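Data from data_39.tsv: TSV, C-alpha atoms
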```
chain	number	residue	atom	x	y	z
A	11	MET	CA	95.04	127.50	-150.21
A	12	ARG	CA	97.80	128.26	-152.68
A	13	VAL	CA	98.01	127.12	-156.27
A	14	ILE	CA	100.74	127.92	-158.75
A	15	LEU	CA	99.39	127.65	-162.30
A	16	GLN	CA	101.79	127.26	-165.19
A	17	LYS	CA	100.45	127.34	-168.74
A	18	VAL	CA	102.14	124.45	-170.54
A	19	LYS	CA	102.58	122.95	-173.98
A	20	GLN	CA	103.32	119.60	-172.29
A	21	ALA	CA	103.66	118.32	-168.73
A	22	SER	CA	104.23	114.93	-167.14
A	23	VAL	CA	104.63	113.33	-163.74
A	24	LYS	CA	106.39	110.07	-162.88
A	25	SER	CA	106.61	108.25	-159.56
A	26	GLY	CA	107.91	104.69	-159.76
A	27	ASP	CA	105.71	102.91	-162.31
A	28	TYR	CA	103.08	105.67	-162.20
A	29	TYR	CA	103.06	108.06	-165.17
A	30	GLN	CA	100.64	110.73	-166.38
A	31	SER	CA	101.06	113.36	-169.09
A	32	ILE	CA	99.13	116.12	-170.80
A	33	ASP	CA	99.59	118.32	-173.82
A	34	GLN	CA	98.25	121.89	-173.92
A	35	GLY	CA	96.85	123.07	-170.60
A	36	TYR	CA	97.90	123.82	-167.04
A	37	CYS	CA	100.32	122.28	-164.60
A	38	LEU	CA	99.02	123.10	-161.12
A	39	LEU	CA	101.12	122.93	-157.96
A	40	VAL	CA	98.53	122.68	-155.19
A	41	GLY	CA	99.20	123.57	-151.55
A	42	ILE	CA	96.64	122.94	-148.82
A	43	GLY	CA	97.26	125.16	-145.80
A	44	GLU	CA	96.30	124.66	-142.18
A	45	HIS	CA	93.35	127.05	-142.55
A	46	THR	CA	92.19	125.94	-146.02
A	47	THR	CA	88.43	125.36	-146.18
A	48	GLU	CA	86.16	123.66	-148.70
A	49	GLU	CA	85.05	127.14	-149.79
A	50	ASP	CA	88.68	127.93	-150.68
A	51	LEU	CA	88.77	124.82	-152.87
A	52	LYS	CA	85.62	125.94	-154.68
A	53	VAL	CA	86.61	129.56	-155.32
A	54	VAL	CA	90.10	128.68	-156.55
A	55	ALA	CA	88.80	125.89	-158.83
A	56	LYS	CA	86.20	128.24	-160.30
A	57	LYS	CA	88.77	130.98	-160.85
A	58	ILE	CA	91.18	128.55	-162.55
A	59	ALA	CA	88.41	127.17	-164.78
A	60	ASN	CA	87.38	130.67	-165.89
A	61	THR	CA	90.79	132.35	-166.18
A	62	ARG	CA	91.37	133.44	-169.77
A	63	ILE	CA	95.07	133.15	-170.62
A	64	PHE	CA	94.98	131.37	-173.97
A	65	GLU	CA	95.24	133.52	-177.09
A	66	ASP	CA	92.28	134.20	-179.36
A	67	GLU	CA	92.47	134.88	-183.13
A	68	GLN	CA	93.79	138.40	-182.47
A	69	GLY	CA	96.58	137.12	-180.23
A	70	LYS	CA	94.98	138.42	-177.03
A	71	MET	CA	94.73	136.37	-173.85
A	72	ASN	CA	90.99	135.87	-174.06
A	73	LEU	CA	90.26	132.12	-173.98
A	74	SER	CA	89.81	129.77	-171.02
A	75	ILE	CA	91.19	126.26	-170.74
A	76	ASN	CA	87.76	124.87	-171.66
A	77	ASP	CA	87.65	127.11	-174.75
A	78	VAL	CA	90.83	125.48	-176.09
A	79	GLY	CA	90.17	121.91	-174.89
A	80	GLY	CA	93.17	121.99	-172.57
A	81	LYS	CA	93.91	119.55	-169.76
A	82	ILE	CA	95.19	119.90	-166.21
A	83	LEU	CA	98.04	118.09	-164.49
A	84	SER	CA	97.51	118.66	-160.75
A	85	ILE	CA	100.43	118.05	-158.38
A	86	SER	CA	100.12	118.24	-154.58
A	87	GLN	CA	102.84	120.40	-153.06
A	88	PHE	CA	102.86	121.06	-149.32
A	89	THR	CA	106.13	122.99	-149.70
A	90	LEU	CA	104.08	125.98	-150.93
A	91	TYR	CA	103.50	126.53	-147.21
A	92	ALA	CA	107.19	126.62	-146.28
A	93	ASN	CA	108.02	129.16	-143.59
A	94	ILE	CA	111.57	130.46	-143.89
A	95	LYS	CA	111.39	133.42	-141.50
A	96	LYS	CA	113.73	131.84	-138.94
A	97	GLY	CA	116.95	130.06	-139.80
A	98	ASN	CA	117.79	128.34	-143.06
A	99	ARG	CA	115.70	125.20	-142.77
A	100	PRO	CA	112.06	125.61	-143.83
A	101	SER	CA	109.24	124.76	-141.47
A	102	PHE	CA	106.03	123.28	-142.87
A	103	THR	CA	103.77	123.73	-139.84
A	104	ASP	CA	101.48	126.01	-141.88
A	105	ALA	CA	100.57	123.08	-144.16
A	106	LYS	CA	97.50	120.96	-143.41
A	107	SER	CA	98.17	117.49	-141.92
A	108	PRO	CA	98.79	114.91	-144.69
A	109	GLU	CA	95.65	112.88	-144.00
A	110	ILE	CA	93.31	115.86	-144.28
A	111	ALA	CA	95.34	117.53	-147.05
A	112	LYS	CA	95.03	114.40	-149.22
A	113	GLU	CA	91.24	114.42	-148.88
A	114	MET	CA	91.09	118.14	-149.69
A	115	TYR	CA	93.47	117.78	-152.65
A	116	GLU	CA	91.31	114.99	-154.11
A	117	LYS	CA	88.19	117.09	-153.49
A	118	PHE	CA	89.81	120.05	-155.28
A	119	ASN	CA	90.51	117.87	-158.32
A	120	GLU	CA	86.89	116.67	-158.29
A	121	ILE	CA	85.64	120.26	-158.15
A	122	LEU	CA	87.83	121.07	-161.18
A	123	ARG	CA	86.30	118.08	-162.99
A	124	GLY	CA	82.88	119.49	-162.12
A	125	HIS	CA	83.83	122.48	-164.30
A	126	GLN	CA	84.10	120.06	-167.26
A	127	LEU	CA	87.90	119.97	-167.01
A	128	GLU	CA	89.98	116.88	-167.71
A	129	VAL	CA	92.25	116.52	-164.67
A	130	PHE	CA	95.20	114.18	-164.20
A	131	SER	CA	97.16	114.05	-160.96
A	132	GLY	CA	100.40	113.06	-159.37
A	133	VAL	CA	100.74	110.69	-156.42
A	134	PHE	CA	99.94	112.46	-153.15
A	135	GLY	CA	102.79	112.38	-150.64
A	136	GLU	CA	105.28	110.73	-153.00
A	137	MET	CA	108.51	112.03	-154.48
A	138	MET	CA	107.79	112.70	-158.15
A	139	ASP	CA	109.66	113.68	-161.28
A	140	ILE	CA	107.82	116.55	-162.95
A	141	ALA	CA	108.67	117.63	-166.50
A	142	LEU	CA	107.06	120.45	-168.41
A	143	ILE	CA	107.41	122.82	-171.31
A	144	ASN	CA	106.14	126.25	-170.33
A	145	ASP	CA	103.96	128.14	-172.79
A	146	GLY	CA	104.72	131.84	-172.62
A	147	PRO	CA	105.85	131.54	-169.90
A	148	VAL	CA	102.61	132.29	-168.09
A	149	THR	CA	102.66	131.61	-164.35
A	150	ILE	CA	99.93	132.77	-161.97
A	151	ILE	CA	99.67	132.38	-158.20
A	152	PHE	CA	96.17	131.78	-156.82
A	153	GLU	CA	95.58	132.15	-153.11
A	154	SER	CA	92.34	131.97	-151.16
A	155	VAL	CA	91.79	132.76	-147.49
A	156	GLU	CA	88.40	132.28	-145.86
A	157	GLY	CA	86.80	131.61	-149.24
A	158	LYS	CA	88.11	134.79	-150.85
A	159	ILE	CA	90.69	135.12	-153.61
A	160	GLN	CA	93.61	137.24	-152.39
```

Translate the structure of the given file into structure tokens.
Amino acid sequence: MRVILQKVKQASVKSGDYYQSIDQGYCLLVGIGEHTTEEDLKVVAKKIANTRIFEDEQGKMNLSINDVGGKILSISQFTLYANIKKGNRPSFTDAKSPEIAKEMYEKFNEILRGHQLEVFSGVFGEMMDIALINDGPVTIIFESVEGKIQ
């Protein structure tokens, strides 16, 4: 499992008539790989919920998203598993099949909600327009293999 976390002041997603937006929080780009397990979902969600990258009164990154009442905009992104070792056209065979990936993506969002996080999402498998204002910028890559953060 791979997740790119961007700390944002604002973020939104639009797909046709569908629209979601958040203010302060995280925009997550979520990739479900061929070997992603439910344990990977759990450890990454827990790590994201507990990561302290918001500033405290002294200006130090010391507060979690829950500490500041932030929200999450979660976007599925199979292209995080692009393989570009051969040629110039990416291969996505390392990504989980869409049917299973959708279930796992929805489960991941539910696990995040279980950490008392307010989670909004894009439309799985659709082309989307994503807009955001980075805060920092702060961007962190989370990866889990066999239930262990890498």

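Separating atom CA of A:Ile63 from atom CA of A:Lys112 is a distance of 28.5 Å.
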
Here is a test: counting all atoms listed in the file, which residue of A:Asn144, A:Val13, A:Ser101, A:Ile151 is nearest to A:Ala55?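 With all atoms listed in the file as the atom set, the closest residue is A:Val13.
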
All residues 12 Å or closer to A:Asp33, only C-alpha atoms, same chain fewer than 4 positions away omitted, as a ChimeraX atom specification: /A:17-22,37,75,78-83,128-130,141-145

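Using only C-alpha atoms for every distance, the candidate list A:Gly124, A:Pro108, A:Pro147, A:Gly132 yields A:Pro108 as the residue closest to A:Gly43.
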
* To do: Mind checking which residues fall within 12 Å of A:Leu122, counting all atoms listed in the file, ignoring those fewer than 2 positions away in the same chain, and posting them as a VMD selection string?
  => chain A and resid 36 38 51 to 60 75 to 76 81 to 84 115 to 120 124 to 131

What's the separation between atom CA of A:Ser154 and atom CA of A:Asp50, in Å to one decimal place?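 Interatomic distance, atom CA of A:Ser154 to atom CA of A:Asp50: 5.5 Å.
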
**Prompt:** Interatomic distance between atom CA of A:Asp27 and atom CA of A:Ser86?
**Reply:**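 A separation of 18.1 Å between them.
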
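Non-sequential neighbours of A:Ile42 (distance at most 6 Å, separation of 5 or more positions within a chain, only C-alpha atoms) are A:Met11, A:Lys106, A:Ala111.
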
**Message:** The residues within 6 Å of (89.0, 129.7, -149.3), using all atoms listed in the file and the coordinates of the file, should be reported as a ChimeraX atom specification; which are they?
**Reply:** /A:46-47,49-50,154-158

**Asked** Nearest to A:Ala92 among A:Val148, A:Gln34, A:Thr61, A:Glu44, with distances taken over only C-alpha atoms: which residue is it?
**Response**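 Answer, going by the shortest atom-to-atom distance: A:Glu44.
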
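Closest to A:His45 among A:Ala105, A:Val133, A:Ile140, A:Leu73 is A:Ala105, based on all atoms listed in the file.
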
Shell of 6 Å around A:Glu153, only C-alpha atoms, local chain residues under 3 positions omitted, as an MDAnalysis selection string: chainID A and resid 11:12 159:160

Export, as a compact mmCIF listing (two decimals), keeping the file's coordinate frame, the selected residues with C-alpha atoms.
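So part-v6.txt came out as:
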```
# COMPACT_ATOMS: atom_id res chain seq x y z
CA MET A 11 95.04 127.50 -150.21
CA ARG A 12 97.80 128.26 -152.68
CA ILE A 159 90.69 135.12 -153.61
CA GLN A 160 93.61 137.24 -152.39
```

Which residue out of A:Ile85, A:Ile121, A:Ile150, A:Leu90 has the minimum interatomic distance to A:Ser25 when only C-alpha atoms are used?
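So, comparing all the options, the nearest one is A:Ile85.
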
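The shortest atom-to-atom distance to A:Asp139, with only C-alpha atoms taken into account, belongs to A:Ser31 out of A:Asn93, A:Ser31, A:Gln68, A:Ser107.
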
Stretch 14-129 of chain A from the block above: C-alpha atoms written as a PDB file, in the first residue's frame:
```pdb
ATOM      1  CA  ILE A  14       0.950  10.220  -0.471  1.00  0.00           C
ATOM      2  CA  LEU A  15      -0.128  12.645   2.248  1.00  0.00           C
ATOM      3  CA  GLN A  16      -0.180  16.356   1.534  1.00  0.00           C
ATOM      4  CA  LYS A  17      -0.921  18.781   4.365  1.00  0.00           C
ATOM      5  CA  VAL A  18      -3.414  21.276   2.944  1.00  0.00           C
ATOM      6  CA  LYS A  19      -5.141  24.537   3.761  1.00  0.00           C
ATOM      7  CA  GLN A  20      -7.903  23.534   1.313  1.00  0.00           C
ATOM      8  CA  ALA A  21      -8.581  20.653  -1.061  1.00  0.00           C
ATOM      9  CA  SER A  22     -11.449  19.665  -3.345  1.00  0.00           C
ATOM     10  CA  VAL A  23     -12.433  16.959  -5.790  1.00  0.00           C
ATOM     11  CA  LYS A  24     -14.920  17.192  -8.657  1.00  0.00           C
ATOM     12  CA  SER A  25     -16.175  14.475 -10.984  1.00  0.00           C
ATOM     13  CA  GLY A  26     -19.219  15.410 -13.056  1.00  0.00           C
ATOM     14  CA  ASP A  27     -21.847  16.603 -10.578  1.00  0.00           C
ATOM     15  CA  TYR A  28     -19.960  15.115  -7.615  1.00  0.00           C
ATOM     16  CA  TYR A  29     -18.068  17.606  -5.439  1.00  0.00           C
ATOM     17  CA  GLN A  30     -16.363  17.381  -2.043  1.00  0.00           C
ATOM     18  CA  SER A  31     -14.083  19.851  -0.292  1.00  0.00           C
ATOM     19  CA  ILE A  32     -12.217  20.294   2.969  1.00  0.00           C
ATOM     20  CA  ASP A  33     -10.374  23.073   4.715  1.00  0.00           C
ATOM     21  CA  GLN A  34      -7.370  22.378   6.966  1.00  0.00           C
ATOM     22  CA  GLY A  35      -6.238  18.759   6.896  1.00  0.00           C
ATOM     23  CA  TYR A  36      -4.786  16.160   4.562  1.00  0.00           C
ATOM     24  CA  CYS A  37      -5.256  15.283   0.926  1.00  0.00           C
ATOM     25  CA  LEU A  38      -4.408  11.594   0.589  1.00  0.00           C
ATOM     26  CA  LEU A  39      -3.581   9.887  -2.702  1.00  0.00           C
ATOM     27  CA  VAL A  40      -4.215   6.209  -1.974  1.00  0.00           C
ATOM     28  CA  GLY A  41      -2.725   3.347  -3.990  1.00  0.00           C
ATOM     29  CA  ILE A  42      -3.707  -0.272  -3.386  1.00  0.00           C
ATOM     30  CA  GLY A  43      -1.044  -2.666  -4.657  1.00  0.00           C
ATOM     31  CA  GLU A  44      -1.342  -6.272  -5.752  1.00  0.00           C
ATOM     32  CA  HIS A  45       0.038  -7.482  -2.412  1.00  0.00           C
ATOM     33  CA  THR A  46      -1.771  -5.002  -0.135  1.00  0.00           C
ATOM     34  CA  THR A  47      -3.415  -6.692   2.856  1.00  0.00           C
ATOM     35  CA  GLU A  48      -5.987  -5.561   5.400  1.00  0.00           C
ATOM     36  CA  GLU A  49      -3.137  -5.282   7.907  1.00  0.00           C
ATOM     37  CA  ASP A  50      -1.462  -2.750   5.588  1.00  0.00           C
ATOM     38  CA  LEU A  51      -4.666  -0.693   5.604  1.00  0.00           C
ATOM     39  CA  LYS A  52      -4.718  -0.712   9.408  1.00  0.00           C
ATOM     40  CA  VAL A  53      -1.077   0.219  10.010  1.00  0.00           C
ATOM     41  CA  VAL A  54      -1.078   3.038   7.455  1.00  0.00           C
ATOM     42  CA  ALA A  55      -4.377   4.466   8.754  1.00  0.00           C
ATOM     43  CA  LYS A  56      -3.072   4.389  12.323  1.00  0.00           C
ATOM     44  CA  LYS A  57       0.203   6.037  11.316  1.00  0.00           C
ATOM     45  CA  ILE A  58      -1.635   8.784   9.400  1.00  0.00           C
ATOM     46  CA  ALA A  59      -4.016   9.408  12.314  1.00  0.00           C
ATOM     47  CA  ASN A  60      -1.122   9.747  14.769  1.00  0.00           C
ATOM     48  CA  THR A  61       1.408  11.627  12.624  1.00  0.00           C
ATOM     49  CA  ARG A  62       2.168  14.998  14.205  1.00  0.00           C
ATOM     50  CA  ILE A  63       2.836  17.565  11.477  1.00  0.00           C
ATOM     51  CA  PHE A  64       0.702  20.494  12.605  1.00  0.00           C
ATOM     52  CA  GLU A  65       2.426  23.264  14.548  1.00  0.00           C
ATOM     53  CA  ASP A  66       1.955  23.760  18.276  1.00  0.00           C
ATOM     54  CA  GLU A  67       2.181  27.104  20.136  1.00  0.00           C
ATOM     55  CA  GLN A  68       5.985  27.058  19.817  1.00  0.00           C
ATOM     56  CA  GLY A  69       5.839  26.538  16.053  1.00  0.00           C
ATOM     57  CA  LYS A  70       7.022  22.916  16.241  1.00  0.00           C
ATOM     58  CA  MET A  71       5.394  20.101  14.296  1.00  0.00           C
ATOM     59  CA  ASN A  72       3.832  18.454  17.317  1.00  0.00           C
ATOM     60  CA  LEU A  73       0.073  18.147  16.722  1.00  0.00           C
ATOM     61  CA  SER A  74      -1.923  15.433  14.948  1.00  0.00           C
ATOM     62  CA  ILE A  75      -4.833  15.986  12.600  1.00  0.00           C
ATOM     63  CA  ASN A  76      -7.245  15.148  15.428  1.00  0.00           C
ATOM     64  CA  ASP A  77      -5.533  17.705  17.686  1.00  0.00           C
ATOM     65  CA  VAL A  78      -6.344  20.495  15.211  1.00  0.00           C
ATOM     66  CA  GLY A  79      -9.770  19.238  14.084  1.00  0.00           C
ATOM     67  CA  GLY A  80      -8.553  18.695  10.529  1.00  0.00           C
ATOM     68  CA  LYS A  81     -10.319  16.699   7.823  1.00  0.00           C
ATOM     69  CA  ILE A  82      -9.177  14.240   5.181  1.00  0.00           C
ATOM     70  CA  LEU A  83      -9.866  14.205   1.453  1.00  0.00           C
ATOM     71  CA  SER A  84      -9.019  10.674   0.281  1.00  0.00           C
ATOM     72  CA  ILE A  85      -8.468  10.069  -3.439  1.00  0.00           C
ATOM     73  CA  SER A  86      -7.904   6.613  -4.943  1.00  0.00           C
ATOM     74  CA  GLN A  87      -4.887   6.559  -7.244  1.00  0.00           C
ATOM     75  CA  PHE A  88      -3.789   3.296  -8.839  1.00  0.00           C
ATOM     76  CA  THR A  89      -1.071   5.171 -10.748  1.00  0.00           C
ATOM     77  CA  LEU A  90       1.033   5.128  -7.561  1.00  0.00           C
ATOM     78  CA  TYR A  91       1.857   1.585  -8.685  1.00  0.00           C
ATOM     79  CA  ALA A  92       3.106   2.592 -12.138  1.00  0.00           C
ATOM     80  CA  ASN A  93       6.085   0.582 -13.322  1.00  0.00           C
ATOM     81  CA  ILE A  94       8.299   2.551 -15.703  1.00  0.00           C
ATOM     82  CA  LYS A  95      11.357   0.281 -15.782  1.00  0.00           C
ATOM     83  CA  LYS A  96      10.844  -0.733 -19.419  1.00  0.00           C
ATOM     84  CA  GLY A  97       9.961   1.662 -22.204  1.00  0.00           C
ATOM     85  CA  ASN A  98       8.154   4.962 -21.864  1.00  0.00           C
ATOM     86  CA  ARG A  99       4.611   3.787 -21.258  1.00  0.00           C
ATOM     87  CA  PRO A 100       3.831   2.905 -17.627  1.00  0.00           C
ATOM     88  CA  SER A 101       2.516  -0.515 -16.704  1.00  0.00           C
ATOM     89  CA  PHE A 102       0.027  -0.833 -13.847  1.00  0.00           C
ATOM     90  CA  THR A 103       0.181  -4.589 -13.295  1.00  0.00           C
ATOM     91  CA  ASP A 104       1.453  -4.019  -9.736  1.00  0.00           C
ATOM     92  CA  ALA A 105      -1.879  -2.387  -8.801  1.00  0.00           C
ATOM     93  CA  LYS A 106      -4.677  -4.479  -7.291  1.00  0.00           C
ATOM     94  CA  SER A 107      -7.597  -5.327  -9.625  1.00  0.00           C
ATOM     95  CA  PRO A 108     -10.211  -2.533  -9.611  1.00  0.00           C
ATOM     96  CA  GLU A 109     -12.959  -4.610  -7.976  1.00  0.00           C
ATOM     97  CA  ILE A 110     -10.820  -5.621  -4.999  1.00  0.00           C
ATOM     98  CA  ALA A 111      -9.007  -2.266  -4.830  1.00  0.00           C
ATOM     99  CA  LYS A 112     -12.336  -0.435  -4.508  1.00  0.00           C
ATOM    100  CA  GLU A 113     -13.348  -2.593  -1.542  1.00  0.00           C
ATOM    101  CA  MET A 114      -9.963  -2.085   0.109  1.00  0.00           C
ATOM    102  CA  TYR A 115      -9.994   1.671  -0.535  1.00  0.00           C
ATOM    103  CA  GLU A 116     -13.436   1.968   1.069  1.00  0.00           C
ATOM    104  CA  LYS A 117     -12.253  -0.182   3.990  1.00  0.00           C
ATOM    105  CA  PHE A 118      -9.204   2.072   4.426  1.00  0.00           C
ATOM    106  CA  ASN A 119     -11.458   5.135   4.627  1.00  0.00           C
ATOM    107  CA  GLU A 120     -13.622   3.363   7.225  1.00  0.00           C
ATOM    108  CA  ILE A 121     -10.541   2.508   9.289  1.00  0.00           C
ATOM    109  CA  LEU A 122      -9.533   6.193   9.192  1.00  0.00           C
ATOM    110  CA  ARG A 123     -13.031   7.115  10.396  1.00  0.00           C
ATOM    111  CA  GLY A 124     -12.554   4.627  13.224  1.00  0.00           C
ATOM    112  CA  HIS A 125      -9.718   6.889  14.406  1.00  0.00           C
ATOM    113  CA  GLN A 126     -12.307   9.681  14.853  1.00  0.00           C
ATOM    114  CA  LEU A 127     -11.287  11.339  11.582  1.00  0.00           C
ATOM    115  CA  GLU A 128     -13.719  13.071   9.247  1.00  0.00           C
ATOM    116  CA  VAL A 129     -13.035  11.563   5.816  1.00  0.00           C
TER     117      VAL A 129
END
```
